[in-house]
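**Q** One file is attached below, my_file23.cif, containing mmCIF, N, CA and C atoms.
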data_model
#
loop_
_atom_site.label_atom_id
_atom_site.label_comp_id
_atom_site.auth_asym_id
_atom_site.auth_seq_id
_atom_site.Cartn_x
_atom_site.Cartn_y
_atom_site.Cartn_z
N MET T 647 23.41 4.37 10.46
CA MET T 647 22.79 3.78 9.29
C MET T 647 22.69 2.27 9.51
N PRO T 648 21.56 1.66 9.14
CA PRO T 648 21.39 0.22 9.34
C PRO T 648 22.31 -0.59 8.43
N ASP T 649 22.48 -1.87 8.77
CA ASP T 649 23.29 -2.76 7.94
C ASP T 649 22.69 -2.84 6.54
N VAL T 650 23.54 -3.06 5.55
CA VAL T 650 23.09 -3.20 4.17
C VAL T 650 22.41 -4.55 4.02
N ILE T 651 21.28 -4.57 3.37
CA ILE T 651 20.51 -5.78 3.13
C ILE T 651 20.70 -6.15 1.67
N GLU T 652 21.15 -7.35 1.39
CA GLU T 652 21.35 -7.76 0.01
C GLU T 652 20.18 -8.61 -0.45
N THR T 653 19.75 -8.39 -1.66
CA THR T 653 18.66 -9.17 -2.24
C THR T 653 19.10 -9.69 -3.60
N LYS T 654 18.45 -10.72 -4.07
CA LYS T 654 18.77 -11.28 -5.38
C LYS T 654 18.34 -10.35 -6.50
N ARG T 655 17.36 -9.52 -6.26
CA ARG T 655 16.84 -8.65 -7.31
C ARG T 655 17.66 -7.38 -7.49
N GLY T 656 18.58 -7.12 -6.61
CA GLY T 656 19.42 -5.96 -6.82
C GLY T 656 19.47 -5.03 -5.63
N ASP T 657 20.29 -4.01 -5.80
CA ASP T 657 20.58 -3.11 -4.70
C ASP T 657 19.53 -2.03 -4.49
N LYS T 658 18.67 -1.76 -5.46
CA LYS T 658 17.71 -0.67 -5.32
C LYS T 658 16.77 -0.91 -4.14
N ILE T 659 16.28 -2.11 -4.00
CA ILE T 659 15.38 -2.42 -2.89
C ILE T 659 16.12 -2.33 -1.57
N SER T 660 17.36 -2.81 -1.55
CA SER T 660 18.18 -2.75 -0.34
C SER T 660 18.43 -1.30 0.08
N ARG T 661 18.83 -0.48 -0.89
CA ARG T 661 19.10 0.93 -0.57
C ARG T 661 17.83 1.64 -0.11
N ALA T 662 16.71 1.36 -0.77
CA ALA T 662 15.45 1.99 -0.39
C ALA T 662 15.06 1.59 1.03
N SER T 663 15.18 0.31 1.36
CA SER T 663 14.80 -0.13 2.71
C SER T 663 15.77 0.42 3.75
N ASP T 664 17.06 0.48 3.42
CA ASP T 664 18.04 1.08 4.35
C ASP T 664 17.69 2.53 4.64
N GLU T 665 17.39 3.28 3.58
CA GLU T 665 17.04 4.69 3.75
C GLU T 665 15.76 4.84 4.56
N LEU T 666 14.77 4.01 4.27
CA LEU T 666 13.50 4.09 4.99
C LEU T 666 13.69 3.78 6.47
N ILE T 667 14.44 2.73 6.78
CA ILE T 667 14.69 2.39 8.18
C ILE T 667 15.41 3.54 8.88
N PHE T 668 16.39 4.13 8.21
CA PHE T 668 17.12 5.27 8.78
C PHE T 668 16.17 6.43 9.09
N LEU T 669 15.32 6.80 8.13
CA LEU T 669 14.39 7.92 8.32
C LEU T 669 13.37 7.63 9.42
N LEU T 670 12.88 6.42 9.48
CA LEU T 670 11.92 6.05 10.52
C LEU T 670 12.55 6.04 11.90
N ARG T 671 13.81 5.63 11.97
CA ARG T 671 14.52 5.67 13.26
C ARG T 671 14.72 7.11 13.72
N GLU T 672 14.99 8.01 12.77
CA GLU T 672 15.13 9.43 13.11
C GLU T 672 13.85 9.95 13.76
N LYS T 673 12.70 9.41 13.34
CA LYS T 673 11.41 9.83 13.89
C LYS T 673 11.02 9.03 15.12
N LYS T 674 11.93 8.18 15.60
CA LYS T 674 11.73 7.39 16.83
C LYS T 674 10.61 6.37 16.71
N LEU T 675 10.38 5.84 15.50
CA LEU T 675 9.32 4.85 15.31
C LEU T 675 9.81 3.42 15.55
N LYS T 676 11.09 3.21 15.75
CA LYS T 676 11.68 1.93 16.12
C LYS T 676 11.38 0.80 15.13
N PRO T 677 11.77 0.97 13.87
CA PRO T 677 11.57 -0.10 12.89
C PRO T 677 12.67 -1.15 12.97
N TYR T 678 12.38 -2.33 12.46
CA TYR T 678 13.40 -3.36 12.34
C TYR T 678 13.09 -4.24 11.14
N LEU T 679 14.14 -4.80 10.55
CA LEU T 679 13.98 -5.69 9.41
C LEU T 679 13.32 -6.97 9.91
N TYR T 680 12.23 -7.35 9.27
CA TYR T 680 11.50 -8.54 9.68
C TYR T 680 11.81 -9.72 8.78
N HIS T 681 11.78 -9.50 7.47
CA HIS T 681 11.95 -10.62 6.56
C HIS T 681 12.41 -10.14 5.19
N ARG T 682 13.13 -10.99 4.50
CA ARG T 682 13.59 -10.71 3.15
C ARG T 682 13.18 -11.90 2.28
N LYS T 683 12.40 -11.64 1.25
CA LYS T 683 11.93 -12.72 0.37
C LYS T 683 12.92 -12.94 -0.77
N HIS T 684 12.92 -14.14 -1.29
CA HIS T 684 13.82 -14.48 -2.40
C HIS T 684 13.49 -13.71 -3.67
N ARG T 685 12.24 -13.22 -3.80
CA ARG T 685 11.87 -12.44 -4.99
C ARG T 685 12.30 -10.99 -4.87
N GLY T 686 12.89 -10.62 -3.75
CA GLY T 686 13.43 -9.28 -3.62
C GLY T 686 12.70 -8.36 -2.66
N SER T 687 11.52 -8.72 -2.19
CA SER T 687 10.79 -7.87 -1.27
C SER T 687 11.43 -7.90 0.11
N ILE T 688 11.36 -6.75 0.78
CA ILE T 688 11.86 -6.64 2.15
C ILE T 688 10.71 -6.14 3.01
N TYR T 689 10.60 -6.71 4.21
CA TYR T 689 9.51 -6.38 5.12
C TYR T 689 10.07 -5.78 6.39
N ILE T 690 9.48 -4.66 6.80
CA ILE T 690 9.92 -3.93 7.98
C ILE T 690 8.76 -3.89 8.97
N LYS T 691 9.05 -4.19 10.23
CA LYS T 691 8.04 -4.10 11.29
C LYS T 691 8.52 -3.08 12.32
N PHE T 692 7.69 -2.88 13.35
CA PHE T 692 7.96 -1.88 14.38
C PHE T 692 7.79 -2.47 15.76
N GLU T 693 8.50 -1.89 16.73
CA GLU T 693 8.30 -2.32 18.12
C GLU T 693 6.84 -2.13 18.52
N ASP T 694 6.22 -1.05 18.08
CA ASP T 694 4.79 -0.82 18.31
C ASP T 694 4.04 -1.51 17.17
N SER T 695 3.52 -2.69 17.43
CA SER T 695 2.90 -3.49 16.37
C SER T 695 1.65 -2.85 15.78
N ARG T 696 1.10 -1.85 16.45
CA ARG T 696 -0.08 -1.17 15.91
C ARG T 696 0.22 -0.42 14.63
N LEU T 697 1.50 -0.14 14.36
CA LEU T 697 1.89 0.53 13.12
C LEU T 697 1.81 -0.42 11.93
N GLY T 698 1.79 -1.71 12.19
CA GLY T 698 1.74 -2.68 11.10
C GLY T 698 3.13 -2.93 10.54
N SER T 699 3.20 -3.17 9.26
CA SER T 699 4.48 -3.42 8.62
C SER T 699 4.52 -2.73 7.26
N ILE T 700 5.73 -2.61 6.74
CA ILE T 700 5.94 -1.98 5.44
C ILE T 700 6.56 -3.01 4.51
N ARG T 701 6.08 -3.06 3.31
CA ARG T 701 6.67 -3.90 2.28
C ARG T 701 7.41 -2.99 1.31
N VAL T 702 8.70 -3.27 1.10
CA VAL T 702 9.53 -2.53 0.15
C VAL T 702 9.77 -3.46 -1.02
N ALA T 703 9.36 -3.05 -2.22
CA ALA T 703 9.45 -3.94 -3.37
C ALA T 703 9.41 -3.17 -4.68
N ASN T 704 9.55 -3.91 -5.77
CA ASN T 704 9.45 -3.33 -7.10
C ASN T 704 8.39 -4.05 -7.94
N HIS T 705 7.41 -4.65 -7.26
CA HIS T 705 6.35 -5.39 -7.94
C HIS T 705 5.17 -5.55 -6.99
N ASP T 706 4.01 -5.86 -7.55
CA ASP T 706 2.83 -6.11 -6.72
C ASP T 706 3.04 -7.35 -5.88
N GLY T 707 2.46 -7.34 -4.70
CA GLY T 707 2.55 -8.50 -3.82
C GLY T 707 1.44 -9.49 -4.09
N LYS T 708 1.43 -10.54 -3.31
CA LYS T 708 0.39 -11.55 -3.43
C LYS T 708 -0.96 -10.95 -3.07
N ARG T 709 -1.96 -11.32 -3.80
CA ARG T 709 -3.30 -10.77 -3.63
C ARG T 709 -3.87 -11.02 -2.23
N LYS T 710 -3.49 -12.15 -1.62
CA LYS T 710 -4.07 -12.51 -0.32
C LYS T 710 -3.55 -11.64 0.82
N TYR T 711 -2.48 -10.88 0.59
CA TYR T 711 -1.93 -10.00 1.62
C TYR T 711 -2.29 -8.56 1.32
N ALA T 712 -2.59 -7.82 2.38
CA ALA T 712 -2.95 -6.41 2.22
C ALA T 712 -2.10 -5.58 3.18
N TYR T 713 -0.86 -5.34 2.80
CA TYR T 713 0.01 -4.53 3.66
C TYR T 713 -0.47 -3.09 3.66
N ARG T 714 -0.62 -2.53 4.86
CA ARG T 714 -1.10 -1.15 4.99
C ARG T 714 -0.13 -0.17 4.33
N TRP T 715 1.17 -0.44 4.43
CA TRP T 715 2.19 0.48 3.92
C TRP T 715 3.07 -0.23 2.90
N SER T 716 3.36 0.45 1.80
CA SER T 716 4.30 -0.09 0.81
C SER T 716 5.15 1.04 0.26
N LEU T 717 6.42 0.75 0.10
CA LEU T 717 7.33 1.64 -0.61
C LEU T 717 7.71 0.90 -1.88
N ARG T 718 7.33 1.48 -3.02
CA ARG T 718 7.53 0.83 -4.30
C ARG T 718 8.58 1.58 -5.11
N ILE T 719 9.67 0.90 -5.43
CA ILE T 719 10.71 1.57 -6.19
C ILE T 719 10.37 1.62 -7.68
N ASP T 720 9.31 0.95 -8.08
CA ASP T 720 8.89 0.99 -9.49
C ASP T 720 7.75 1.98 -9.72
N MET T 721 7.41 2.77 -8.71
CA MET T 721 6.34 3.77 -8.83
C MET T 721 6.92 5.16 -8.59
N SER T 722 6.20 6.18 -9.08
CA SER T 722 6.63 7.55 -8.82
C SER T 722 5.53 8.37 -8.17
N SER T 723 4.41 7.74 -7.84
CA SER T 723 3.29 8.47 -7.26
C SER T 723 2.79 7.74 -6.01
N LYS T 724 1.73 8.28 -5.43
CA LYS T 724 1.09 7.65 -4.28
C LYS T 724 -0.24 7.06 -4.74
N GLU T 725 -0.55 5.87 -4.27
CA GLU T 725 -1.84 5.25 -4.54
C GLU T 725 -2.44 4.79 -3.23
N THR T 726 -3.75 4.91 -3.14
CA THR T 726 -4.48 4.32 -2.03
C THR T 726 -5.38 3.26 -2.62
N ARG T 727 -5.25 2.05 -2.13
CA ARG T 727 -6.06 0.93 -2.61
C ARG T 727 -6.84 0.37 -1.44
N VAL T 728 -7.94 -0.28 -1.76
CA VAL T 728 -8.71 -0.98 -0.74
C VAL T 728 -8.79 -2.44 -1.15
N ARG T 729 -8.39 -3.32 -0.25
CA ARG T 729 -8.43 -4.75 -0.52
C ARG T 729 -9.07 -5.42 0.70
N ASP T 730 -10.14 -6.12 0.45
CA ASP T 730 -10.87 -6.81 1.53
C ASP T 730 -11.23 -5.85 2.66
N GLY T 731 -11.62 -4.63 2.30
CA GLY T 731 -12.03 -3.64 3.29
C GLY T 731 -10.90 -2.95 4.01
N LYS T 732 -9.65 -3.23 3.65
CA LYS T 732 -8.50 -2.62 4.31
C LYS T 732 -7.84 -1.63 3.38
N LYS T 733 -7.51 -0.44 3.92
CA LYS T 733 -6.80 0.56 3.13
C LYS T 733 -5.33 0.22 3.04
N MET T 734 -4.79 0.41 1.85
CA MET T 734 -3.37 0.18 1.59
C MET T 734 -2.80 1.46 0.99
N PHE T 735 -1.66 1.90 1.51
CA PHE T 735 -1.02 3.11 1.03
C PHE T 735 0.29 2.73 0.35
N LEU T 736 0.37 2.98 -0.94
CA LEU T 736 1.56 2.66 -1.72
C LEU T 736 2.23 3.97 -2.13
N TYR T 737 3.50 4.10 -1.81
CA TYR T 737 4.26 5.30 -2.12
C TYR T 737 5.41 4.95 -3.06
N GLY T 738 5.57 5.76 -4.09
CA GLY T 738 6.74 5.62 -4.94
C GLY T 738 7.97 6.07 -4.18
N TYR T 739 9.12 5.57 -4.60
CA TYR T 739 10.36 5.88 -3.88
C TYR T 739 10.62 7.38 -3.77
N SER T 740 10.27 8.15 -4.78
CA SER T 740 10.52 9.60 -4.73
C SER T 740 9.68 10.28 -3.65
N LEU T 741 8.69 9.58 -3.12
CA LEU T 741 7.81 10.13 -2.08
C LEU T 741 8.10 9.51 -0.71
N ILE T 742 9.31 9.02 -0.52
CA ILE T 742 9.66 8.36 0.73
C ILE T 742 9.44 9.27 1.94
N ASP T 743 9.72 10.58 1.79
CA ASP T 743 9.50 11.51 2.90
C ASP T 743 8.02 11.63 3.24
N ASN T 744 7.16 11.57 2.23
CA ASN T 744 5.72 11.63 2.48
C ASN T 744 5.25 10.38 3.24
N LEU T 745 5.80 9.23 2.89
CA LEU T 745 5.46 8.00 3.61
C LEU T 745 5.87 8.11 5.07
N VAL T 746 7.07 8.60 5.32
CA VAL T 746 7.55 8.76 6.69
C VAL T 746 6.66 9.74 7.46
N THR T 747 6.29 10.84 6.83
CA THR T 747 5.40 11.82 7.47
C THR T 747 4.03 11.20 7.77
N HIS T 748 3.48 10.46 6.82
CA HIS T 748 2.19 9.81 7.00
C HIS T 748 2.25 8.84 8.19
N MET T 749 3.31 8.03 8.24
CA MET T 749 3.45 7.07 9.32
C MET T 749 3.66 7.76 10.67
N THR T 750 4.42 8.85 10.66
CA THR T 750 4.64 9.60 11.90
C THR T 750 3.33 10.17 12.42
N ASN T 751 2.52 10.74 11.53
CA ASN T 751 1.22 11.28 11.93
C ASN T 751 0.29 10.17 12.41
N TYR T 752 0.30 9.04 11.74
CA TYR T 752 -0.50 7.89 12.14
C TYR T 752 -0.09 7.42 13.54
N HIS T 753 1.21 7.38 13.79
CA HIS T 753 1.71 6.97 15.10
C HIS T 753 1.26 7.95 16.18
N LYS T 754 1.26 9.24 15.87
CA LYS T 754 0.79 10.24 16.85
C LYS T 754 -0.67 9.99 17.21
N GLU T 755 -1.49 9.62 16.23
CA GLU T 755 -2.90 9.31 16.50
C GLU T 755 -3.00 8.12 17.44
N ILE T 756 -2.19 7.11 17.19
CA ILE T 756 -2.19 5.92 18.05
C ILE T 756 -1.76 6.29 19.46
N GLU T 757 -0.74 7.12 19.58
CA GLU T 757 -0.23 7.54 20.88
C GLU T 757 -1.27 8.31 21.69
N LYS T 758 -2.20 8.97 21.00
CA LYS T 758 -3.24 9.72 21.70
C LYS T 758 -4.21 8.80 22.43
N GLY T 759 -4.05 7.50 22.25
CA GLY T 759 -4.89 6.57 22.99
C GLY T 759 -5.85 5.78 22.15
N ASP T 760 -5.83 5.97 20.85
CA ASP T 760 -6.71 5.22 19.98
C ASP T 760 -5.92 4.06 19.40
N SER T 761 -6.06 2.89 19.99
CA SER T 761 -5.25 1.74 19.61
C SER T 761 -5.56 1.23 18.20
N HIS T 762 -6.64 1.72 17.60
CA HIS T 762 -6.99 1.27 16.25
C HIS T 762 -6.46 2.21 15.19
N GLY T 763 -5.84 3.31 15.60
CA GLY T 763 -5.25 4.22 14.63
C GLY T 763 -6.27 4.98 13.81
N THR T 764 -7.41 5.25 14.38
CA THR T 764 -8.44 6.00 13.67
C THR T 764 -8.58 7.37 14.31
N ASN T 765 -9.14 8.29 13.55
CA ASN T 765 -9.35 9.61 14.11
C ASN T 765 -10.62 9.61 14.95
N PRO T 766 -10.96 10.71 15.64
CA PRO T 766 -12.13 10.71 16.53
C PRO T 766 -13.45 10.35 15.85
N ARG T 767 -13.55 10.52 14.55
CA ARG T 767 -14.79 10.17 13.85
C ARG T 767 -14.81 8.69 13.46
N GLY T 768 -13.72 7.97 13.79
CA GLY T 768 -13.68 6.55 13.52
C GLY T 768 -13.30 6.20 12.09
N GLN T 769 -12.77 7.16 11.34
CA GLN T 769 -12.37 6.89 9.95
C GLN T 769 -10.87 6.66 9.89
N ASP T 770 -10.44 5.80 9.00
CA ASP T 770 -9.01 5.57 8.83
C ASP T 770 -8.33 6.86 8.43
N SER T 771 -7.18 7.07 9.02
CA SER T 771 -6.40 8.25 8.66
C SER T 771 -5.66 7.99 7.37
N ASP T 772 -5.83 8.87 6.42
CA ASP T 772 -5.03 8.76 5.20
C ASP T 772 -4.52 10.11 4.76
N LYS T 773 -4.44 11.03 5.73
CA LYS T 773 -3.94 12.37 5.44
C LYS T 773 -2.44 12.32 5.27
N VAL T 774 -1.96 13.05 4.31
CA VAL T 774 -0.52 13.20 4.13
C VAL T 774 -0.20 14.67 4.35
N VAL T 775 0.57 14.94 5.37
CA VAL T 775 0.95 16.30 5.68
C VAL T 775 2.32 16.54 5.08
N ALA T 776 2.44 17.59 4.33
CA ALA T 776 3.71 17.89 3.67
C ALA T 776 4.80 18.11 4.72
N PRO T 777 5.99 17.54 4.46
CA PRO T 777 7.08 17.69 5.43
C PRO T 777 7.56 19.14 5.51
#
Show this structure as structure tokens.
**A**
Amino acid sequence: MPDVIETKRGDKISRASDELIFLLREKKLKPYLYHRKHRGSIYIKFEDSRLGSIRVANHDGKRKYAYRWSLRIDMSSKETRVRDGKKMFLYGYSLIDNLVTHMTNYHKEIEKGDSHGTNPRGQDSDKVVAP
């Protein structure tokens, strides 16, 4: 289990990011803690930078940033948003396993040789396969 990350906003974000890092490591995606903001958000990156990064938080982020992946402890559903032409996948904490499955499937697509993470038709992958 990864080290506990403390935030000013409380333990929920820390526990959620710890659990997410643990689950992603189990899937061999090699995540690591990148940054912790004073407002409570935690950012996770990967050794394979093509996966992007995950923002773990309990509030909307700054409009100018469009993180592809988000784990939101203040949500209970999944949302797909588009910002500046980029797809963003927001998962409520109760759907953490779905986020991990989505990222694992996305990584498999990348591993097949498509460095842009798109399927053969050139469309962004947003399929969620039930665990």
**Q** In Å, with one decimal, what is the gap from atom CA of Glu757 of chain T to atom CA of Ser687 of chain T?
**A**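 Spanning atom CA of Glu757 of chain T to atom CA of Ser687 of chain T is a straight-line distance of 29.1 Å.
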**Q** Might you spell out which residues the PyMOL selection byres (((chain T and resi 665 and name CA) around 12) and name CA) would select in the displayed file, as JSON, numbers by chain?
**A** {"T": [647, 648, 649, 650, 651, 658, 659, 660, 661, 662, 663, 664, 666, 667, 668, 669, 670, 671, 672, 677, 690, 702, 717, 739, 740, 742, 743, 746]}
**Q** Could the residues in this selection be written to a file with N, CA and C atoms, as a PDB file, in the coordinates of the input?
**A**
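Heads up, here's the output in out39.pdb:
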ATOM      1  N   MET T 647      23.410   4.370  10.460  1.00  0.00           N
ATOM      2  CA  MET T 647      22.790   3.780   9.290  1.00  0.00           C
ATOM      3  C   MET T 647      22.690   2.270   9.510  1.00  0.00           C
ATOM      4  N   PRO T 648      21.560   1.660   9.140  1.00  0.00           N
ATOM      5  CA  PRO T 648      21.390   0.220   9.340  1.00  0.00           C
ATOM      6  C   PRO T 648      22.310  -0.590   8.430  1.00  0.00           C
ATOM      7  N   ASP T 649      22.480  -1.870   8.770  1.00  0.00           N
ATOM      8  CA  ASP T 649      23.290  -2.760   7.940  1.00  0.00           C
ATOM      9  C   ASP T 649      22.690  -2.840   6.540  1.00  0.00           C
ATOM     10  N   VAL T 650      23.540  -3.060   5.550  1.00  0.00           N
ATOM     11  CA  VAL T 650      23.090  -3.200   4.170  1.00  0.00           C
ATOM     12  C   VAL T 650      22.410  -4.550   4.020  1.00  0.00           C
ATOM     13  N   ILE T 651      21.280  -4.570   3.370  1.00  0.00           N
ATOM     14  CA  ILE T 651      20.510  -5.780   3.130  1.00  0.00           C
ATOM     15  C   ILE T 651      20.700  -6.150   1.670  1.00  0.00           C
ATOM     16  N   LYS T 658      18.670  -1.760  -5.460  1.00  0.00           N
ATOM     17  CA  LYS T 658      17.710  -0.670  -5.320  1.00  0.00           C
ATOM     18  C   LYS T 658      16.770  -0.910  -4.140  1.00  0.00           C
ATOM     19  N   ILE T 659      16.280  -2.110  -4.000  1.00  0.00           N
ATOM     20  CA  ILE T 659      15.380  -2.420  -2.890  1.00  0.00           C
ATOM     21  C   ILE T 659      16.120  -2.330  -1.570  1.00  0.00           C
ATOM     22  N   SER T 660      17.360  -2.810  -1.550  1.00  0.00           N
ATOM     23  CA  SER T 660      18.180  -2.750  -0.340  1.00  0.00           C
ATOM     24  C   SER T 660      18.430  -1.300   0.080  1.00  0.00           C
ATOM     25  N   ARG T 661      18.830  -0.480  -0.890  1.00  0.00           N
ATOM     26  CA  ARG T 661      19.100   0.930  -0.570  1.00  0.00           C
ATOM     27  C   ARG T 661      17.830   1.640  -0.110  1.00  0.00           C
ATOM     28  N   ALA T 662      16.710   1.360  -0.770  1.00  0.00           N
ATOM     29  CA  ALA T 662      15.450   1.990  -0.390  1.00  0.00           C
ATOM     30  C   ALA T 662      15.060   1.590   1.030  1.00  0.00           C
ATOM     31  N   SER T 663      15.180   0.310   1.360  1.00  0.00           N
ATOM     32  CA  SER T 663      14.800  -0.130   2.710  1.00  0.00           C
ATOM     33  C   SER T 663      15.770   0.420   3.750  1.00  0.00           C
ATOM     34  N   ASP T 664      17.060   0.480   3.420  1.00  0.00           N
ATOM     35  CA  ASP T 664      18.040   1.080   4.350  1.00  0.00           C
ATOM     36  C   ASP T 664      17.690   2.530   4.640  1.00  0.00           C
ATOM     37  N   LEU T 666      14.770   4.010   4.270  1.00  0.00           N
ATOM     38  CA  LEU T 666      13.500   4.090   4.990  1.00  0.00           C
ATOM     39  C   LEU T 666      13.690   3.780   6.470  1.00  0.00           C
ATOM     40  N   ILE T 667      14.440   2.730   6.780  1.00  0.00           N
ATOM     41  CA  ILE T 667      14.690   2.390   8.180  1.00  0.00           C
ATOM     42  C   ILE T 667      15.410   3.540   8.880  1.00  0.00           C
ATOM     43  N   PHE T 668      16.390   4.130   8.210  1.00  0.00           N
ATOM     44  CA  PHE T 668      17.120   5.270   8.780  1.00  0.00           C
ATOM     45  C   PHE T 668      16.170   6.430   9.090  1.00  0.00           C
ATOM     46  N   LEU T 669      15.320   6.800   8.130  1.00  0.00           N
ATOM     47  CA  LEU T 669      14.390   7.920   8.320  1.00  0.00           C
ATOM     48  C   LEU T 669      13.370   7.630   9.420  1.00  0.00           C
ATOM     49  N   LEU T 670      12.880   6.420   9.480  1.00  0.00           N
ATOM     50  CA  LEU T 670      11.920   6.050  10.520  1.00  0.00           C
ATOM     51  C   LEU T 670      12.550   6.040  11.900  1.00  0.00           C
ATOM     52  N   ARG T 671      13.810   5.630  11.970  1.00  0.00           N
ATOM     53  CA  ARG T 671      14.520   5.670  13.260  1.00  0.00           C
ATOM     54  C   ARG T 671      14.720   7.110  13.720  1.00  0.00           C
ATOM     55  N   GLU T 672      14.990   8.010  12.770  1.00  0.00           N
ATOM     56  CA  GLU T 672      15.130   9.430  13.110  1.00  0.00           C
ATOM     57  C   GLU T 672      13.850   9.950  13.760  1.00  0.00           C
ATOM     58  N   PRO T 677      11.770   0.970  13.870  1.00  0.00           N
ATOM     59  CA  PRO T 677      11.570  -0.100  12.890  1.00  0.00           C
ATOM     60  C   PRO T 677      12.670  -1.150  12.970  1.00  0.00           C
ATOM     61  N   ILE T 690       9.480  -4.660   6.800  1.00  0.00           N
ATOM     62  CA  ILE T 690       9.920  -3.930   7.980  1.00  0.00           C
ATOM     63  C   ILE T 690       8.760  -3.890   8.970  1.00  0.00           C
ATOM     64  N   VAL T 702       8.700  -3.270   1.100  1.00  0.00           N
ATOM     65  CA  VAL T 702       9.530  -2.530   0.150  1.00  0.00           C
ATOM     66  C   VAL T 702       9.770  -3.460  -1.020  1.00  0.00           C
ATOM     67  N   LEU T 717       6.420   0.750   0.100  1.00  0.00           N
ATOM     68  CA  LEU T 717       7.330   1.640  -0.610  1.00  0.00           C
ATOM     69  C   LEU T 717       7.710   0.900  -1.880  1.00  0.00           C
ATOM     70  N   TYR T 739       9.120   5.570  -4.600  1.00  0.00           N
ATOM     71  CA  TYR T 739      10.360   5.880  -3.880  1.00  0.00           C
ATOM     72  C   TYR T 739      10.620   7.380  -3.770  1.00  0.00           C
ATOM     73  N   SER T 740      10.270   8.150  -4.780  1.00  0.00           N
ATOM     74  CA  SER T 740      10.520   9.600  -4.730  1.00  0.00           C
ATOM     75  C   SER T 740       9.680  10.280  -3.650  1.00  0.00           C
ATOM     76  N   ILE T 742       9.310   9.020  -0.520  1.00  0.00           N
ATOM     77  CA  ILE T 742       9.660   8.360   0.730  1.00  0.00           C
ATOM     78  C   ILE T 742       9.440   9.270   1.940  1.00  0.00           C
ATOM     79  N   ASP T 743       9.720  10.580   1.790  1.00  0.00           N
ATOM     80  CA  ASP T 743       9.500  11.510   2.900  1.00  0.00           C
ATOM     81  C   ASP T 743       8.020  11.630   3.240  1.00  0.00           C
ATOM     82  N   VAL T 746       7.070   8.600   5.320  1.00  0.00           N
ATOM     83  CA  VAL T 746       7.550   8.760   6.690  1.00  0.00           C
ATOM     84  C   VAL T 746       6.660   9.740   7.460  1.00  0.00           C
TER      85      VAL T 746
END
**Q** Atom C of Lys691 of chain T and atom N of Arg727 of chain T are how many Å apart?
**A** 20.6 Å
**Q** Here is a test: counting all atoms listed in the file, which residue of T:Glu725, T:Lys674, T:Trp715, T:Lys732 is nearest to Leu697 of chain T?
**A**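 Closest residue, counting all atoms listed in the file: T:Trp715.
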**Q** Counting only N, CA and C atoms, find the residues whose atoms lie at most 5 Å from (10.4, -1.6, -7.3) (file coordinates) and write them out as a ChimeraX atom specification.
**A** /T:703-705,718-720
**Q** What does the distance between atom N of Lys758 of chain T and atom CA of Ile688 of chain T come to in Å, to one decimal place?
**A** 28.2 Å
**Q** For Leu745 of chain T, which residue out of T:Asp657, T:Lys724, T:Tyr689, T:Ser695 is the nearest one, using only C-alpha atoms?
**A**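 Counting only C-alpha atoms, the residue closest to Leu745 of chain T is T:Lys724.
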**Q** Based on DSSP run over this structure's backbone, return all residues of segment 723-761 of chain T in helix (DSSP H, G or I), as a list in words.
**A**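 Assigned to helix (DSSP H, G or I), within segment 723-761 of chain T: Tyr739, Ser740, Leu741, Ile742, Asp743, Asn744, Leu745, Val746, Thr747, His748, Met749, Thr750, Asn751, Tyr752, His753, Lys754, Glu755, Ile756 and Glu757 of chain T.
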**Q** Using the chain letters and numbers from the file, give me the residues hit by the PyMOL selection byres ((chain T and resi 734) around 7), as a list in words.
**A**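 This file gives the following for the PyMOL selection byres ((chain T and resi 734) around 7): Ala712, Tyr713, Arg714, Trp715, Ser716, Glu725, Thr726, Arg727, Val728, Arg729, Lys732, Lys733, Phe735 and Leu736 of chain T.
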**Q** Pick from T:Leu741, T:Leu675, T:Ile700, T:Met721: nearest to His753 of chain T, with only C-alpha atoms counted?
**A** T:Leu675
